[in-house]
Amino acid sequence: MSSRLHQLSERGVSVWVDSLSREMLETGHLKRLMHEDAVVGVTSNPTIFQKALSEGEWYDDQLRAALERTEDTREVFFALAVEDIKRACDLMRPVWERTDGVDGFVSIEVDPDLAYDRDATFDQATLLHALVERPNVYVKIPATVPGVGAIEDSIAAGRSINVTLIFSLERHAAVAEAYVHGLERLVAAGGDPTHVASVASFFVSRVDTEADRRLGEIGREDLEGRLAVDNAKLAYQHYLEVFSGPRWEALAAAGARPQRCLWASTSTKNPAYRDVLYVEELIGPATVNTMPFETIAAFQDHGEVRGETLTEGVDEARALLDELAQAGVDYDDVTDTLEREGVQKFSDSFTSLLEGIDAKRAVLAI
């Protein structure tokens, strides 16, 4: 096929979808996305899961069985979610094999309430890997300071990790260092890094939303709509630097693979912006763009694959950070705010999900 998303894939951008539900699996929706829209990866989403759980009957039978075994709502959720992840991993397994373990991954996230607990995050990541028991599963760990430690420990233990909620260049550098050092620990202990993989999920649209709000307040609309893309471009430059040179070459010789940049939150929040902005402007080799259904449909309809846009305007991107500082917008405060809010949003979503399971329990009269 030669759809726009297939053309995007040919440029080295792996197309992932940011939703997973039992309905997508049962109806063949995910399989169609793989065939028609070049989708080669999946990230699960508690908000989507909650909607599917509350509106349909797709989970009712398994939910009844799970509730007969335990009253722990978190345990019930993970039982339901792990089943979806297993089935999606099996569906994606041929992609994982065809790409030699580069794509074909399905992600499940740790409990967001553990975001500031290194040891508990590591323990749950270990448990989730064991429960899914598939080579093409990623466990998502947020890039808080304690989370970065759990990421390094997980990589050192030979487990594949999707690092989520990265907003700042400084934190992205810490995440890349955690990955590389984790691999060094693994190799030093006699482990095999061949099947250890990771992506660094760099959030995009939320950066513009927060920066634009601040710029609007000080009357600098001329700088709006630039930081998200430029921030990602600078992160990619750091990726190119880290995964080259003698230190990395030693790991690569042992079979290690780079930690790819994944562009997350790629639907535009501002209707004044082109709805495929965060796809068209972030095209480059060895990257992932995880999209909601709406962005997939929009890009298939009118997206443009112009070339390697990700490496264009890098000097201008660096200059923008200085311009923002001069204008009075504190980049570090923007990204710190986004991280705090991101963790809170994940936690709130997870709480709503658990409340949804309790509500469903009442409907099923269990």
# chains A, B, ... in the order shown; residues from 1 in each chain; ligands from 1

call {"tool": "select_by_dssp", "arguments": {"residues": "stretch 36-231 of chain A", "states": "strand (DSSP E or B)", "output": "PyMOL selection string"}}
result
chain A and resi 39-43+105-109+137-142+161-166+198-203

call {"tool": "residues_around", "arguments": {"residues": "stretch 136-150 of chain A", "least_positions_apart": "5", "cutoff": "7 Å", "atoms": "only C-alpha atoms", "output": "ChimeraX atom specification"}}
result
/A:89,93,96,104-110,115-119,121-122,125,160-166,175,178

call {"tool": "select_by_dssp", "arguments": {"residues": "stretch 65-308 of chain A", "states": "alpha helix (DSSP H)", "output": "ChimeraX atom specification"}}
result
/A:65-69,73-98,118-132,145-156,169-188,205-217,227-242,245-253,277-280,293-302

call {"tool": "closest_residue", "arguments": {"among": "A:Arg74, A:Lys233, A:His195, A:Arg206", "to": "A:Glu97", "atoms": "only C-alpha atoms"}}
result
A:His195

call {"tool": "residues_around", "arguments": {"residues": "A:His238", "least_positions_apart": "6", "cutoff": "12 Å", "atoms": "only C-alpha atoms", "output": "short mmCIF file (atom, residue, chain, number, x, y, z; two decimals) with N, CA, C and O atoms, in the first residue's frame"}}
result
data_model
loop_
_atom_site.label_atom_id
_atom_site.label_comp_id
_atom_site.auth_asym_id
_atom_site.auth_seq_id
_atom_site.Cartn_x
_atom_site.Cartn_y
_atom_site.Cartn_z
N SER A 168 11.10 18.07 29.20
CA SER A 168 12.26 18.96 29.12
C SER A 168 13.46 18.26 28.51
O SER A 168 13.61 17.04 28.58
N LEU A 169 14.33 19.07 27.94
CA LEU A 169 15.58 18.55 27.37
C LEU A 169 16.48 17.98 28.46
O LEU A 169 17.15 16.96 28.25
N GLU A 170 16.50 18.62 29.61
CA GLU A 170 17.32 18.14 30.71
C GLU A 170 16.86 16.75 31.16
O GLU A 170 17.66 15.85 31.38
N ARG A 171 15.54 16.56 31.27
CA ARG A 171 15.03 15.25 31.70
C ARG A 171 15.25 14.20 30.62
O ARG A 171 15.54 13.04 30.91
N HIS A 172 15.11 14.61 29.35
CA HIS A 172 15.39 13.66 28.27
C HIS A 172 16.84 13.20 28.33
O HIS A 172 17.14 12.01 28.12
N ALA A 173 17.76 14.10 28.64
CA ALA A 173 19.17 13.72 28.77
C ALA A 173 19.36 12.73 29.92
O ALA A 173 20.12 11.76 29.80
N ALA A 174 18.65 12.96 31.03
CA ALA A 174 18.75 12.04 32.17
C ALA A 174 18.18 10.67 31.82
O ALA A 174 18.72 9.64 32.25
N VAL A 175 17.11 10.66 31.05
CA VAL A 175 16.50 9.39 30.63
C VAL A 175 17.45 8.61 29.72
O VAL A 175 17.62 7.39 29.87
N ALA A 176 18.06 9.30 28.77
CA ALA A 176 19.01 8.63 27.87
C ALA A 176 20.20 8.08 28.65
O ALA A 176 20.66 6.95 28.39
N GLU A 177 20.68 8.84 29.63
CA GLU A 177 21.79 8.37 30.45
C GLU A 177 21.37 7.14 31.27
O GLU A 177 22.14 6.19 31.42
N ALA A 200 11.78 6.83 24.33
CA ALA A 200 11.66 8.00 25.20
C ALA A 200 10.50 8.84 24.70
O ALA A 200 10.61 9.50 23.66
N ASN A 231 11.39 22.13 20.63
CA ASN A 231 11.81 21.33 21.77
C ASN A 231 12.10 19.89 21.33
O ASN A 231 13.12 19.29 21.70
N ALA A 232 11.19 19.34 20.52
CA ALA A 232 11.37 17.97 20.02
C ALA A 232 12.59 17.87 19.10
O ALA A 232 13.34 16.88 19.14
N SER A 244 25.89 7.57 19.49
CA SER A 244 27.02 7.54 18.57
C SER A 244 28.26 7.70 19.43
O SER A 244 28.18 8.03 20.61
N GLN A 259 17.78 4.02 22.09
CA GLN A 259 16.48 4.38 22.66
C GLN A 259 15.85 5.44 21.77
O GLN A 259 16.23 6.60 21.80
N ARG A 260 14.87 5.04 20.97
CA ARG A 260 14.29 5.97 20.01
C ARG A 260 13.45 7.05 20.68
O ARG A 260 12.85 6.82 21.73
N CYS A 261 13.39 8.20 20.04
CA CYS A 261 12.46 9.25 20.45
C CYS A 261 11.06 8.89 19.97
O CYS A 261 10.86 8.50 18.81
N THR A 311 15.15 17.57 11.27
CA THR A 311 16.51 18.13 11.36
C THR A 311 16.62 19.52 10.71
O THR A 311 17.72 20.05 10.57
N VAL A 314 17.37 23.68 13.21
CA VAL A 314 17.87 23.37 14.55
C VAL A 314 18.49 24.62 15.20
O VAL A 314 18.30 24.87 16.40
#

call {"tool": "closest_residue", "arguments": {"among": "A:Met24, A:Val76, A:Leu262, A:Leu91", "to": "A:Trp58", "atoms": "only C-alpha atoms"}}
result
A:Met24

call {"tool": "closest_residue", "arguments": {"among": "A:His181, A:Lys86, A:Arg64, A:His129", "to": "A:Arg159", "atoms": "only C-alpha atoms"}}
result
A:His129

call {"tool": "residues_around", "arguments": {"residues": "stretch 7-16 of chain A", "least_positions_apart": "4", "cutoff": "8 Å", "atoms": "only C-alpha atoms", "output": "PyMOL selection string"}}
result
chain A and resi 2-3+38-43+103+283-291+305+307-308

call {"tool": "residues_around", "arguments": {"residues": "A:Thr194", "least_positions_apart": "6", "cutoff": "10 Å", "atoms": "only C-alpha atoms", "output": "list in words"}}
result
Asp100, Gly101, Gly158, Leu251, Ala252, Ala254, Gly255, Ala256 and Arg257 of chain A

call {"tool": "closest_residue", "arguments": {"among": "A:Pro112, A:Arg32, A:Glu184, A:Leu215", "to": "A:Ala325", "atoms": "only C-alpha atoms"}}
result
A:Leu215

call {"tool": "closest_residue", "arguments": {"among": "A:Glu23, A:Asp301, A:Asp336, A:Phe78", "to": "A:Glu55", "atoms": "only C-alpha atoms"}}
result
A:Glu23

call {"tool": "closest_atom_pairs", "arguments": {"of": "stretch 188-241 of chain A", "to": "stretch 151-157 of chain A", "cutoff": "9 Å", "atoms": "only C-alpha atoms", "output": "CSV"}}
result
residue,atom,partner,partner_atom,distance
A:Ala189,CA,A:Ala156,CA,8.7
A:Gly191,CA,A:Ala157,CA,8.3
A:Pro193,CA,A:Ile155,CA,8.8
A:Val196,CA,A:Ile155,CA,7.1
A:Ala197,CA,A:Ile155,CA,8.3
A:Ser198,CA,A:Ile155,CA,8.5

call {"tool": "atom_distance", "arguments": {"atom1": "atom CA of A:Asp208", "atom2": "atom CA of A:Gly328"}}
result
15.7 Å

call {"tool": "residues_around", "arguments": {"residues": "A:Glu312", "least_positions_apart": "6", "cutoff": "12 Å", "atoms": "only C-alpha atoms", "output": "list in words"}}
result
Val229, Asp230, Ala232, Lys233, Leu234, Tyr236, Gln237, Glu280, Glu281, Leu282, Ile283, Gly284, Arg306 and Arg318 of chain A

call {"tool": "write_last_selection", "arguments": {"atoms": "all heavy atoms", "output": "CSV table (one decimal), in the first residue's frame"}}
result
chain,number,residue,atom,x,y,z
A,229,VAL,N,7.5,22.0,18.8
A,229,VAL,CA,8.3,21.4,17.7
A,229,VAL,C,9.7,21.6,17.9
A,229,VAL,O,10.6,20.7,17.7
A,229,VAL,CB,7.8,22.0,16.3
A,229,VAL,CG1,8.8,21.6,15.2
A,229,VAL,CG2,6.4,21.5,16.0
A,230,ASP,N,10.1,22.8,18.2
A,230,ASP,CA,11.6,23.1,18.4
A,230,ASP,C,12.2,22.3,19.6
A,230,ASP,O,13.3,21.8,19.5
A,230,ASP,CB,11.8,24.6,18.6
A,230,ASP,CG,11.7,25.4,17.3
A,230,ASP,OD1,11.5,24.8,16.3
A,230,ASP,OD2,11.7,26.6,17.4
A,232,ALA,N,11.2,19.3,20.5
A,232,ALA,CA,11.4,18.0,20.0
A,232,ALA,C,12.6,17.9,19.1
A,232,ALA,O,13.3,16.9,19.1
A,232,ALA,CB,10.1,17.5,19.3
A,233,LYS,N,12.8,18.9,18.3
A,233,LYS,CA,13.9,18.9,17.4
A,233,LYS,C,15.3,18.9,18.2
A,233,LYS,O,16.2,18.2,17.8
A,233,LYS,CB,13.9,20.1,16.4
A,233,LYS,CG,12.8,20.0,15.4
A,233,LYS,CD,12.9,21.2,14.4
A,233,LYS,CE,11.8,21.0,13.3
A,233,LYS,NZ,11.9,22.2,12.4
A,234,LEU,N,15.3,19.6,19.2
A,234,LEU,CA,16.5,19.6,20.1
A,234,LEU,C,16.7,18.3,20.8
A,234,LEU,O,17.8,17.8,21.0
A,234,LEU,CB,16.5,20.8,21.0
A,234,LEU,CG,16.5,22.2,20.4
A,234,LEU,CD1,16.4,23.3,21.4
A,234,LEU,CD2,17.8,22.4,19.6
A,236,TYR,N,15.9,15.4,19.6
A,236,TYR,CA,16.4,14.5,18.6
A,236,TYR,C,17.9,14.7,18.3
A,236,TYR,O,18.6,13.8,18.1
A,236,TYR,CB,15.6,14.7,17.3
A,236,TYR,CG,15.9,13.7,16.2
A,236,TYR,CD1,15.5,12.4,16.4
A,236,TYR,CD2,16.5,14.1,15.0
A,236,TYR,CE1,15.8,11.4,15.4
A,236,TYR,CE2,16.8,13.1,14.0
A,236,TYR,CZ,16.5,11.8,14.2
A,236,TYR,OH,16.8,10.9,13.2
A,237,GLN,N,18.3,16.0,18.4
A,237,GLN,CA,19.7,16.2,18.2
A,237,GLN,C,20.5,15.6,19.4
A,237,GLN,O,21.6,15.0,19.1
A,237,GLN,CB,20.0,17.7,18.2
A,237,GLN,CG,19.5,18.4,17.0
A,237,GLN,CD,20.3,17.9,15.7
A,237,GLN,OE1,21.5,17.9,15.7
A,237,GLN,NE2,19.5,17.5,14.7
A,280,GLU,N,3.8,16.3,10.7
A,280,GLU,CA,4.5,16.8,9.5
A,280,GLU,C,5.9,17.4,9.9
A,280,GLU,O,6.8,17.3,9.2
A,280,GLU,CB,3.7,17.9,8.8
A,280,GLU,CG,2.4,17.3,8.1
A,280,GLU,CD,1.6,18.4,7.5
A,280,GLU,OE1,1.7,19.6,7.9
A,280,GLU,OE2,0.8,18.0,6.5
A,281,GLU,N,5.9,18.1,11.0
A,281,GLU,CA,7.1,18.8,11.4
A,281,GLU,C,8.1,17.9,12.2
A,281,GLU,O,9.2,18.4,12.5
A,281,GLU,CB,6.8,20.0,12.3
A,281,GLU,CG,5.9,21.1,11.5
A,281,GLU,CD,6.6,21.6,10.3
A,281,GLU,OE1,7.9,21.8,10.3
A,281,GLU,OE2,5.9,21.9,9.3
A,282,LEU,N,7.8,16.7,12.4
A,282,LEU,CA,8.7,15.8,13.2
A,282,LEU,C,9.0,14.5,12.5
A,282,LEU,O,8.9,13.4,13.0
A,282,LEU,CB,8.0,15.5,14.6
A,282,LEU,CG,7.8,16.8,15.5
A,282,LEU,CD1,7.0,16.4,16.7
A,282,LEU,CD2,9.1,17.5,15.8
A,283,ILE,N,9.3,14.7,11.2
A,283,ILE,CA,9.6,13.5,10.4
A,283,ILE,C,11.1,13.3,10.4
A,283,ILE,O,11.9,14.2,10.0
A,283,ILE,CB,9.1,13.7,9.0
A,283,ILE,CG1,7.6,13.9,8.9
A,283,ILE,CG2,9.5,12.5,8.1
A,283,ILE,CD1,7.0,14.2,7.6
A,284,GLY,N,11.6,12.1,10.8
A,284,GLY,CA,13.0,11.8,10.8
A,284,GLY,C,13.2,10.3,11.1
A,284,GLY,O,12.3,9.6,11.6
A,306,ARG,N,7.1,15.7,3.6
A,306,ARG,CA,7.9,16.7,2.8
A,306,ARG,C,9.4,16.3,2.8
A,306,ARG,O,10.1,16.7,2.0
A,306,ARG,CB,7.7,18.1,3.3
A,306,ARG,CG,6.3,18.6,3.2
A,306,ARG,CD,6.3,20.1,3.4
A,306,ARG,NE,6.9,20.5,4.7
A,306,ARG,CZ,6.2,20.5,5.9
A,306,ARG,NH1,4.9,20.2,5.8
A,306,ARG,NH2,6.7,20.8,7.0
A,318,ARG,N,17.3,26.4,18.8
A,318,ARG,CA,18.2,26.8,19.9
A,318,ARG,C,18.0,28.3,20.3
A,318,ARG,O,17.9,28.7,21.4
A,318,ARG,CB,19.6,26.5,19.6
A,318,ARG,CG,20.0,25.0,19.5
A,318,ARG,CD,21.5,24.8,19.5
A,318,ARG,NE,21.8,23.4,19.4
A,318,ARG,CZ,22.1,22.7,18.3
A,318,ARG,NH1,22.2,23.4,17.2
A,318,ARG,NH2,22.4,21.4,18.4

call {"tool": "atom_distance", "arguments": {"atom1": "atom CA of A:Val276", "atom2": "atom CA of A:Ala298"}}
result
6.7 Å

call {"tool": "residues_around", "arguments": {"residues": "A:Gly216", "least_positions_apart": "5", "cutoff": "12 Å", "atoms": "only C-alpha atoms", "output": "PyMOL selection string"}}
result
chain A and resi 208-211+221-225+327-329

call {"tool": "write_last_selection", "arguments": {"atoms": "C-alpha atoms", "output": "mmCIF file, in the first residue's frame"}}
result
data_model
loop_
_atom_site.group_PDB
_atom_site.id
_atom_site.type_symbol
_atom_site.label_atom_id
_atom_site.label_comp_id
_atom_site.auth_asym_id
_atom_site.auth_seq_id
_atom_site.Cartn_x
_atom_site.Cartn_y
_atom_site.Cartn_z
ATOM 1 C CA ASP A 208 2.678 24.617 23.130
ATOM 2 C CA THR A 209 -0.485 24.820 25.207
ATOM 3 C CA GLU A 210 1.387 25.934 28.327
ATOM 4 C CA ALA A 211 3.944 28.127 26.577
ATOM 5 C CA GLU A 221 1.908 36.069 20.280
ATOM 6 C CA ASP A 222 4.698 36.170 17.679
ATOM 7 C CA LEU A 223 6.449 33.352 19.544
ATOM 8 C CA GLU A 224 3.389 31.144 19.955
ATOM 9 C CA GLY A 225 3.157 27.724 18.351
ATOM 10 C CA ALA A 327 10.523 37.558 26.763
ATOM 11 C CA GLY A 328 10.104 36.403 30.351
ATOM 12 C CA VAL A 329 8.946 32.824 29.783
#

call {"tool": "closest_residue", "arguments": {"among": "A:Leu353, A:Ala88, A:Ala264, A:Ala359", "to": "A:Val207", "atoms": "only C-alpha atoms"}}
result
A:Ala264

call {"tool": "decode", "arguments": {"residues": "stretch 152-178 of chain A", "atoms": "N, CA, C and O atoms", "output": "compact mmCIF listing (two decimals), in the first residue's frame"}}
result
# COMPACT_ATOMS: atom_id res chain seq x y z
N GLU A 152 16.39 2.98 34.93
CA GLU A 152 17.74 2.41 34.85
C GLU A 152 17.77 1.00 35.44
O GLU A 152 18.36 0.08 34.86
N ASP A 153 17.12 0.82 36.59
CA ASP A 153 17.12 -0.50 37.23
C ASP A 153 16.42 -1.54 36.36
O ASP A 153 16.86 -2.69 36.28
N SER A 154 15.33 -1.13 35.70
CA SER A 154 14.60 -2.06 34.84
C SER A 154 15.41 -2.46 33.63
O SER A 154 15.45 -3.64 33.24
N ILE A 155 16.08 -1.49 33.01
CA ILE A 155 16.93 -1.79 31.86
C ILE A 155 18.07 -2.70 32.29
O ILE A 155 18.42 -3.67 31.59
N ALA A 156 18.67 -2.43 33.45
CA ALA A 156 19.76 -3.26 33.96
C ALA A 156 19.29 -4.69 34.22
O ALA A 156 20.10 -5.63 34.17
N ALA A 157 18.00 -4.85 34.48
CA ALA A 157 17.44 -6.18 34.70
C ALA A 157 17.00 -6.83 33.40
O ALA A 157 16.46 -7.94 33.41
N GLY A 158 17.21 -6.15 32.27
CA GLY A 158 16.91 -6.73 30.97
C GLY A 158 15.48 -6.59 30.52
O GLY A 158 15.00 -7.39 29.71
N ARG A 159 14.77 -5.54 31.01
CA ARG A 159 13.36 -5.37 30.66
C ARG A 159 13.16 -4.13 29.79
O ARG A 159 13.77 -3.09 30.02
N SER A 160 12.28 -4.24 28.83
CA SER A 160 12.03 -3.14 27.89
C SER A 160 11.08 -2.12 28.50
O SER A 160 10.05 -2.49 29.09
N ILE A 161 11.40 -0.84 28.33
CA ILE A 161 10.65 0.22 29.00
C ILE A 161 10.30 1.34 28.02
O ILE A 161 11.13 1.79 27.24
N ASN A 162 9.05 1.78 28.10
CA ASN A 162 8.58 2.99 27.43
C ASN A 162 8.60 4.10 28.47
O ASN A 162 7.81 4.09 29.41
N VAL A 163 9.54 5.02 28.33
CA VAL A 163 9.64 6.14 29.28
C VAL A 163 8.64 7.21 28.86
O VAL A 163 8.71 7.73 27.75
N THR A 164 7.73 7.56 29.76
CA THR A 164 6.66 8.49 29.39
C THR A 164 6.77 9.80 30.17
O THR A 164 7.54 9.92 31.11
N LEU A 165 5.99 10.78 29.73
CA LEU A 165 5.91 12.08 30.38
C LEU A 165 7.25 12.81 30.42
O LEU A 165 7.66 13.34 31.44
N ILE A 166 7.94 12.84 29.27
CA ILE A 166 9.14 13.66 29.16
C ILE A 166 8.75 14.99 28.51
O ILE A 166 8.13 15.00 27.44
N PHE A 167 9.13 16.08 29.16
CA PHE A 167 8.83 17.41 28.62
C PHE A 167 10.08 18.24 28.38
O PHE A 167 10.11 19.06 27.46
N SER A 168 11.10 18.07 29.20
CA SER A 168 12.26 18.96 29.12
C SER A 168 13.46 18.26 28.51
O SER A 168 13.61 17.04 28.58
N LEU A 169 14.33 19.07 27.94
CA LEU A 169 15.58 18.55 27.37
C LEU A 169 16.48 17.98 28.46
O LEU A 169 17.15 16.96 28.25
N GLU A 170 16.50 18.62 29.61
CA GLU A 170 17.32 18.14 30.71
C GLU A 170 16.86 16.75 31.16
O GLU A 170 17.66 15.85 31.38
N ARG A 171 15.54 16.56 31.27
CA ARG A 171 15.03 15.25 31.70
C ARG A 171 15.25 14.20 30.62
O ARG A 171 15.54 13.04 30.91
N HIS A 172 15.11 14.61 29.35
CA HIS A 172 15.39 13.66 28.27
C HIS A 172 16.84 13.20 28.33
O HIS A 172 17.14 12.01 28.12
N ALA A 173 17.76 14.10 28.64
CA ALA A 173 19.17 13.72 28.77
C ALA A 173 19.36 12.73 29.92
O ALA A 173 20.12 11.76 29.80
N ALA A 174 18.65 12.96 31.03
CA ALA A 174 18.75 12.04 32.17
C ALA A 174 18.18 10.67 31.82
O ALA A 174 18.72 9.64 32.25
N VAL A 175 17.11 10.66 31.05
CA VAL A 175 16.50 9.39 30.63
C VAL A 175 17.45 8.61 29.72
O VAL A 175 17.62 7.39 29.87
N ALA A 176 18.06 9.30 28.77
CA ALA A 176 19.01 8.63 27.87
C ALA A 176 20.20 8.08 28.65
O ALA A 176 20.66 6.95 28.39
N GLU A 177 20.68 8.84 29.63
CA GLU A 177 21.79 8.37 30.45
C GLU A 177 21.37 7.14 31.27
O GLU A 177 22.14 6.19 31.42
N ALA A 178 20.16 7.16 31.80
CA ALA A 178 19.66 6.01 32.56
C ALA A 178 19.61 4.76 31.69
O ALA A 178 19.94 3.65 32.14
